[in-house]
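Novice: My questions all concern the structure below.
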Amino acid sequence: MNRDEIGELAAAYALGGLEGEDLARFEALLRAGDADAVRAVRDSEDTLVGLAAAAPEPPPPAVKAALMARIAATPATVRPLPRRPRALWPAVLTGAMAAGLAAVVVGWSVSSTYEKRLDALAQSGEQLRAELRSQQAVIAILRDPATQVVALAGLPPAPGARARMMWHAQAGGVFVAAGLPAPPPGKAYQLWAIAGSNAPVSAGVFTVDAAGTGSLSVRPLPGVSTVNAFAVTLEPAGGLPAPSGEMYLLGKS
Amino acid sequence: MPPVVPGSESSAALLAAIAAGDRDAFSRFYDLTAPMAFGLIRRVLRDPEAAAEVLQEVFWQVWQDASRYDPARGTPEAWLVMRAKTRAIDRLRSIRRRDRTFVAPVDESVAQRREDQAPNPAVVAEDRGLIQTALAQLPEAQRRVIELAFFEGLTQSEIAARLGEPLGTVKTRARLGLDRLRAALGGERLSAI
């Protein structure tokens with residue numbers, strides 16, 4: 001690859017418009033640490049930094065306030081910890097006699113078995129607590145007069161479908177649907193909350209049983225209080241950050 | 001506002017301190033670089049609320065990923081600007097997707113926003129003076145290619161289709177445009193000193 005071609009690929013790469021085979025080829029070059037390619041990307045990126053730096057705009061103060069609050073709320077332990085140093089093993093191996101070594105290995109394997117069982121117990125305990133919490137949340141939502149109840153009606157892809165959303169801004173909500181067709185393989189239904197003129201916010205992904213019935217318990221959605229409409233679209237199984245597929249259900253509050 | 005000097009030692013040192021969990025360093029890095037990132041995000045996303053959300057996501061990522069910054073690959077400013085740009089373009093694409101899906105059935109308030117948010121290059125090009133002066137020094141054809149790629153997230157083949165030009169021409173123009181822009185921006189920086 002000559003220098004001109006590298007320059008062209010680097011410009012497109014920094015601009016974000018490189019695709020397909022060109023992109024694969026150029027990324028391979030960068031991974032290999034090709035000095036010309038790395039330098040060409042740095043030059044192009046620095047130019048784009050210059051372009052951005054030429055038109056700064058003071059951000060709203062709320063953004064920094066929110067970030068600092070979020071950071072202050074992260075316990076220090078959440079930050080990735082360095083892995084246990086591997087260099088320990090050679091020292092152990094050279095230092096231990098055969099019997100000592102065997103004891104170490106047996107001890108380690110026994111303790112690791114118990115650690116696994118403890119982990120499993122802790123996990124099932126955590127699951128039970130989570131189930132309890134979610135059932136308590138459902139009951140609280142149903143008892144609260146501030147809960148909105150929104151009926152969703154089926155749209156052309158499933159005219160017979162019906163759903164109800166019981167929504168409480170602080171507590172979250174419970175969603176139940178009936179009469180939906182089973183989603184095709186690799187697809188699932190995704191529920192969206194639409195508040196005012198904001199972008200739809202995902203309220204979660206669900207699927208339906210053989211009878212066409214499905215349900216979803218929804219956590220409170222950050223930044224969403226009064227919801228004007230709920231909608232259900234068909235999306236790839238994991239859900240998407242924004243709706244892309246056909247709409248199956250819609251209900252306005 | 002302090003001038004941002006790309007590659008200055010201080011921003012790299014701040015990023016290293018952030019990687020170690022230093023909140024003050026994060027606060028200083030934010031003050032130093034957020035206006036630049038926000039200017040860029042606003043250029044891509046016209047909706048100020050969406051732009052503020054993207055800015056917050058970008059800097060949250062800075063806090064979490066600072067240890068992944070590799071000085072051999074570029075300056076902290078480039079690292080940040082590329083992230084800001086990618087996030088802003090992702091949001092722009094999702095807004096466009098949502099507008100296609102939701103405008104018809106939902107309600108007027110969503111429908112009205114379509115006009116606000118559909119990027120109108122003519123208007124966008126007018127409303128940022130300084131970017132405009134640097135970009136204005138480029139021949140129209142090169143300027144369009146850079147704007148469509150950097151501010152609207154089009155791939156080179158999409159740009160070729162939009163402009164009705166061969167792909168090879170688009171590639172060459174992107175490269176020549178960036179070269180010329182580098183000269184223009186470099187000149188401005190020198191003249192500022």
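FYI, nothing fancy with the structure tokens labels: chains A, B, ... in order, residues from 1 per chain, ligands from 1 as they appear.
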Give me, as a compact mmCIF listing (two decimals) with N, CA and C atoms, in the first residue's frame, the contact residues of chain A against chain B at a cut-off of 7 Å, counting only C-alpha atoms.

Specialist:
# COMPACT_ATOMS: atom_id res chain seq x y z
N GLY A 7 -2.89 7.63 3.12
CA GLY A 7 -3.45 8.94 3.46
C GLY A 7 -4.95 9.00 3.22
N GLU A 8 -5.37 8.43 2.09
CA GLU A 8 -6.79 8.43 1.75
C GLU A 8 -7.59 7.60 2.74
N ALA A 11 -7.77 9.36 6.17
CA ALA A 11 -8.72 10.48 6.19
C ALA A 11 -10.14 9.94 6.35
N ALA A 12 -10.46 8.92 5.55
CA ALA A 12 -11.82 8.36 5.62
C ALA A 12 -12.06 7.71 6.98
N LEU A 15 -12.68 10.40 9.55
CA LEU A 15 -13.99 11.02 9.31
C LEU A 15 -15.13 10.07 9.67
N GLY A 16 -14.82 8.78 9.74
CA GLY A 16 -15.85 7.81 10.11
C GLY A 16 -16.57 7.22 8.91
N GLY A 17 -16.07 7.47 7.70
CA GLY A 17 -16.81 7.00 6.52
C GLY A 17 -16.21 5.77 5.86
N LEU A 18 -15.21 5.17 6.51
CA LEU A 18 -14.58 4.00 5.89
C LEU A 18 -15.45 2.78 6.15
N GLU A 19 -15.56 1.88 5.17
CA GLU A 19 -16.48 0.74 5.33
C GLU A 19 -15.94 -0.48 4.60
N VAL A 38 -0.52 4.73 11.42
CA VAL A 38 -0.80 5.34 12.73
C VAL A 38 -0.58 6.85 12.66
N ARG A 42 -3.33 9.87 13.14
CA ARG A 42 -3.11 10.93 14.14
C ARG A 42 -3.24 12.30 13.49
N SER A 44 -4.86 13.14 10.74
CA SER A 44 -6.25 13.42 10.35
C SER A 44 -7.08 13.74 11.58
N GLU A 45 -6.89 12.96 12.67
CA GLU A 45 -7.68 13.20 13.87
C GLU A 45 -7.35 14.55 14.49
N ASP A 46 -6.06 14.91 14.48
CA ASP A 46 -5.69 16.22 15.03
C ASP A 46 -6.35 17.34 14.25
N THR A 47 -6.45 17.15 12.93
CA THR A 47 -7.13 18.16 12.11
C THR A 47 -8.58 18.30 12.54
N VAL A 49 -9.81 17.53 15.45
CA VAL A 49 -9.83 18.18 16.77
C VAL A 49 -9.76 19.68 16.59
N GLY A 50 -8.89 20.12 15.67
CA GLY A 50 -8.78 21.55 15.39
C GLY A 50 -10.11 22.12 14.92
N LEU A 51 -10.80 21.35 14.10
CA LEU A 51 -12.10 21.78 13.60
C LEU A 51 -13.09 21.92 14.76
N ALA A 52 -13.09 20.93 15.66
CA ALA A 52 -14.01 20.98 16.81
C ALA A 52 -13.60 22.11 17.76
N ALA A 53 -12.29 22.25 17.98
CA ALA A 53 -11.82 23.25 18.95
C ALA A 53 -12.08 24.67 18.45
N ALA A 54 -12.29 24.82 17.15
CA ALA A 54 -12.51 26.15 16.61
C ALA A 54 -13.90 26.68 16.93
N ALA A 55 -14.82 25.80 17.35
CA ALA A 55 -16.18 26.26 17.64
C ALA A 55 -16.69 25.66 18.95
N PRO A 56 -16.02 26.03 20.07
CA PRO A 56 -16.48 25.48 21.35
C PRO A 56 -17.82 26.09 21.74
N GLU A 57 -18.56 25.35 22.57
CA GLU A 57 -19.83 25.88 23.05
C GLU A 57 -19.94 25.49 24.52
N PRO A 58 -20.21 26.46 25.41
CA PRO A 58 -20.30 26.09 26.83
C PRO A 58 -21.45 25.14 27.06
N PRO A 59 -21.20 23.97 27.66
CA PRO A 59 -22.28 23.02 27.90
C PRO A 59 -23.17 23.50 29.04
N VAL A 63 -25.09 19.32 33.15
CA VAL A 63 -24.41 18.10 32.69
C VAL A 63 -23.27 17.77 33.65
N LEU A 67 -22.86 14.58 36.22
CA LEU A 67 -21.71 13.67 36.14
C LEU A 67 -21.00 13.57 37.49
N GLY A 196 -43.89 13.37 26.25
CA GLY A 196 -43.80 14.65 25.56
C GLY A 196 -43.14 14.49 24.21
N SER A 197 -42.20 15.38 23.93
CA SER A 197 -41.57 15.32 22.62
C SER A 197 -40.20 14.64 22.69
N ALA A 242 -33.31 2.46 20.11
CA ALA A 242 -34.41 3.26 19.57
C ALA A 242 -35.23 2.35 18.67
N PRO A 243 -36.55 2.57 18.58
CA PRO A 243 -37.40 1.67 17.81
C PRO A 243 -37.03 1.66 16.33
N SER A 244 -37.08 0.47 15.72
CA SER A 244 -36.78 0.38 14.29
C SER A 244 -37.84 -0.44 13.56

Novice: Would you mind reading off the distance between atom CA of B:Val62 and atom CA of A:Asp36, one decimal, in Å?

Specialist: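 Atom CA of A:Asp36 lies at a distance of 27.6 Å from atom CA of B:Val62.
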
Novice: Pull the helix (DSSP H, G or I) assignments for stretch 3-112 of chain B out of DSSP run on the backbone, and list those residues as a PyMOL selection string.

Specialist: chain B and resi 9-19+23-44+48-68+71-73+76-102+108-112

Novice: Using only C-alpha atoms, which protein or nucleic acid residues come within 8 Å of stretch 224-238 of chain A? Drop anything in the same chain fewer than 2 positions from it, and give the result as a PDB file with N, CA and C atoms, in the first residue's frame.

Specialist:
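As a result, around.pdb now contains:
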ATOM      1  N   VAL A 150     -52.955   2.490  31.334  1.00  0.00           N
ATOM      2  CA  VAL A 150     -53.059   2.825  29.917  1.00  0.00           C
ATOM      3  C   VAL A 150     -53.427   1.569  29.138  1.00  0.00           C
ATOM      4  N   LEU A 152     -53.584  -0.383  25.660  1.00  0.00           N
ATOM      5  CA  LEU A 152     -52.958  -0.357  24.340  1.00  0.00           C
ATOM      6  C   LEU A 152     -53.798  -1.208  23.387  1.00  0.00           C
ATOM      7  N   MET A 165     -50.995  -1.233  30.562  1.00  0.00           N
ATOM      8  CA  MET A 165     -49.795  -0.811  31.265  1.00  0.00           C
ATOM      9  C   MET A 165     -50.234  -0.111  32.538  1.00  0.00           C
ATOM     10  N   ALA A 169     -44.579   6.632  37.965  1.00  0.00           N
ATOM     11  CA  ALA A 169     -43.292   7.246  37.602  1.00  0.00           C
ATOM     12  C   ALA A 169     -42.172   6.860  38.560  1.00  0.00           C
ATOM     13  N   GLN A 170     -42.466   6.808  39.886  1.00  0.00           N
ATOM     14  CA  GLN A 170     -41.384   6.532  40.833  1.00  0.00           C
ATOM     15  C   GLN A 170     -41.149   5.041  41.045  1.00  0.00           C
ATOM     16  N   PRO A 183     -43.271 -14.084  18.272  1.00  0.00           N
ATOM     17  CA  PRO A 183     -42.300 -13.384  17.426  1.00  0.00           C
ATOM     18  C   PRO A 183     -41.466 -14.384  16.618  1.00  0.00           C
ATOM     19  N   GLY A 186     -35.283 -15.027  16.736  1.00  0.00           N
ATOM     20  CA  GLY A 186     -34.335 -13.911  16.769  1.00  0.00           C
ATOM     21  C   GLY A 186     -34.988 -12.561  17.002  1.00  0.00           C
ATOM     22  N   LYS A 187     -36.324 -12.575  17.169  1.00  0.00           N
ATOM     23  CA  LYS A 187     -37.019 -11.303  17.388  1.00  0.00           C
ATOM     24  C   LYS A 187     -37.735 -11.322  18.739  1.00  0.00           C
ATOM     25  N   ALA A 188     -38.027 -10.143  19.245  1.00  0.00           N
ATOM     26  CA  ALA A 188     -38.798 -10.035  20.477  1.00  0.00           C
ATOM     27  C   ALA A 188     -39.579  -8.733  20.416  1.00  0.00           C
ATOM     28  N   TYR A 189     -40.551  -8.610  21.312  1.00  0.00           N
ATOM     29  CA  TYR A 189     -41.291  -7.358  21.383  1.00  0.00           C
ATOM     30  C   TYR A 189     -40.570  -6.408  22.330  1.00  0.00           C
ATOM     31  N   GLN A 190     -40.593  -5.129  21.977  1.00  0.00           N
ATOM     32  CA  GLN A 190     -39.971  -4.139  22.848  1.00  0.00           C
ATOM     33  C   GLN A 190     -40.997  -3.055  23.176  1.00  0.00           C
ATOM     34  N   LEU A 191     -41.057  -2.727  24.462  1.00  0.00           N
ATOM     35  CA  LEU A 191     -42.018  -1.733  24.945  1.00  0.00           C
ATOM     36  C   LEU A 191     -41.322  -0.374  25.041  1.00  0.00           C
ATOM     37  N   TRP A 192     -42.010   0.674  24.594  1.00  0.00           N
ATOM     38  CA  TRP A 192     -41.439   2.026  24.591  1.00  0.00           C
ATOM     39  C   TRP A 192     -42.335   2.974  25.369  1.00  0.00           C
ATOM     40  N   ALA A 193     -41.705   3.846  26.117  1.00  0.00           N
ATOM     41  CA  ALA A 193     -42.442   4.910  26.808  1.00  0.00           C
ATOM     42  C   ALA A 193     -42.130   6.222  26.087  1.00  0.00           C
ATOM     43  N   ILE A 194     -43.179   6.957  25.751  1.00  0.00           N
ATOM     44  CA  ILE A 194     -42.978   8.220  25.043  1.00  0.00           C
ATOM     45  C   ILE A 194     -43.514   9.341  25.922  1.00  0.00           C
ATOM     46  N   ALA A 195     -42.606  10.237  26.341  1.00  0.00           N
ATOM     47  CA  ALA A 195     -42.999  11.336  27.215  1.00  0.00           C
ATOM     48  C   ALA A 195     -42.806  12.639  26.457  1.00  0.00           C
ATOM     49  N   GLY A 196     -43.887  13.370  26.246  1.00  0.00           N
ATOM     50  CA  GLY A 196     -43.801  14.653  25.557  1.00  0.00           C
ATOM     51  C   GLY A 196     -43.145  14.489  24.210  1.00  0.00           C
ATOM     52  N   VAL A 205     -37.789  -5.580  27.025  1.00  0.00           N
ATOM     53  CA  VAL A 205     -38.070  -6.504  25.935  1.00  0.00           C
ATOM     54  C   VAL A 205     -38.850  -7.676  26.510  1.00  0.00           C
ATOM     55  N   PRO A 220     -38.486   2.041  37.115  1.00  0.00           N
ATOM     56  CA  PRO A 220     -38.654   3.464  36.825  1.00  0.00           C
ATOM     57  C   PRO A 220     -37.653   3.861  35.748  1.00  0.00           C
ATOM     58  N   LEU A 221     -38.081   4.690  34.809  1.00  0.00           N
ATOM     59  CA  LEU A 221     -37.196   5.067  33.709  1.00  0.00           C
ATOM     60  C   LEU A 221     -36.578   6.417  34.033  1.00  0.00           C
ATOM     61  N   PRO A 222     -35.226   6.483  34.040  1.00  0.00           N
ATOM     62  CA  PRO A 222     -34.570   7.737  34.396  1.00  0.00           C
ATOM     63  C   PRO A 222     -35.046   8.857  33.470  1.00  0.00           C
ATOM     64  N   LEU A 240     -33.342  -2.733  21.006  1.00  0.00           N
ATOM     65  CA  LEU A 240     -32.498  -1.699  20.410  1.00  0.00           C
ATOM     66  C   LEU A 240     -32.634  -0.426  21.243  1.00  0.00           C
ATOM     67  N   PRO A 243     -36.548   2.575  18.581  1.00  0.00           N
ATOM     68  CA  PRO A 243     -37.396   1.674  17.809  1.00  0.00           C
ATOM     69  C   PRO A 243     -37.026   1.656  16.335  1.00  0.00           C
ATOM     70  N   SER A 244     -37.079   0.472  15.719  1.00  0.00           N
ATOM     71  CA  SER A 244     -36.783   0.380  14.294  1.00  0.00           C
ATOM     72  C   SER A 244     -37.837  -0.443  13.564  1.00  0.00           C
ATOM     73  N   GLY A 245     -38.538  -1.327  14.285  1.00  0.00           N
ATOM     74  CA  GLY A 245     -39.422  -2.277  13.609  1.00  0.00           C
ATOM     75  C   GLY A 245     -40.870  -1.814  13.583  1.00  0.00           C
ATOM     76  N   GLU A 246     -41.727  -2.705  13.088  1.00  0.00           N
ATOM     77  CA  GLU A 246     -43.140  -2.386  12.966  1.00  0.00           C
ATOM     78  C   GLU A 246     -43.802  -2.262  14.331  1.00  0.00           C
ATOM     79  N   MET A 247     -44.783  -1.363  14.430  1.00  0.00           N
ATOM     80  CA  MET A 247     -45.469  -1.162  15.693  1.00  0.00           C
ATOM     81  C   MET A 247     -46.671  -2.085  15.793  1.00  0.00           C
ATOM     82  N   TYR A 248     -46.792  -2.799  16.933  1.00  0.00           N
ATOM     83  CA  TYR A 248     -47.873  -3.763  17.121  1.00  0.00           C
ATOM     84  C   TYR A 248     -48.967  -3.252  18.048  1.00  0.00           C
ATOM     85  N   LEU A 249     -48.568  -2.443  19.024  1.00  0.00           N
ATOM     86  CA  LEU A 249     -49.546  -1.960  19.996  1.00  0.00           C
ATOM     87  C   LEU A 249     -49.268  -0.494  20.284  1.00  0.00           C
ATOM     88  N   LEU A 250     -50.327   0.269  20.523  1.00  0.00           N
ATOM     89  CA  LEU A 250     -50.127   1.669  20.873  1.00  0.00           C
ATOM     90  C   LEU A 250     -51.251   2.097  21.808  1.00  0.00           C
ATOM     91  N   GLY A 251     -50.892   2.832  22.845  1.00  0.00           N
ATOM     92  CA  GLY A 251     -51.916   3.376  23.737  1.00  0.00           C
ATOM     93  C   GLY A 251     -51.470   4.711  24.284  1.00  0.00           C
ATOM     94  N   LYS A 252     -52.383   5.698  24.241  1.00  0.00           N
ATOM     95  CA  LYS A 252     -52.059   7.012  24.801  1.00  0.00           C
ATOM     96  C   LYS A 252     -52.750   7.146  26.153  1.00  0.00           C
ATOM     97  N   SER A 253     -52.091   7.849  27.051  1.00  0.00           N
ATOM     98  CA  SER A 253     -52.694   7.979  28.376  1.00  0.00           C
ATOM     99  C   SER A 253     -53.608   9.196  28.398  1.00  0.00           C
TER     100      SER A 253
ATOM    101  N   VAL B 106     -47.814   8.218  16.293  1.00  0.00           N
ATOM    102  CA  VAL B 106     -47.827   8.746  17.648  1.00  0.00           C
ATOM    103  C   VAL B 106     -48.504  10.102  17.790  1.00  0.00           C
TER     104      VAL B 106
END

Novice: I'd like to know which of B:Ala84, B:Gln61, B:Leu92, B:Gln137 is closest to B:Leu45, using only C-alpha atoms.

Specialist: B:Leu92

Novice: Determine the nearest neighbour of B:Val44 from the options B:Ala88, B:Leu138, B:Leu32, B:Ala161, counting only C-alpha atoms.

Specialist: B:Ala88

Novice: In Å, with one decimal, what is the gap from atom CA of A:Ala151 to atom CA of A:Ala178?

Specialist: 11.7 Å

Novice: By how many Å are atom CA of A:Arg31 and atom CA of B:Ala66 apart?

Specialist: 20.0 Å

Novice: Using only C-alpha atoms, which residue out of A:Ala120, A:Ala158, A:Ala130, A:Ile71 lies closest to B:Ile18?

Specialist: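 Closest candidate: A:Ile71.
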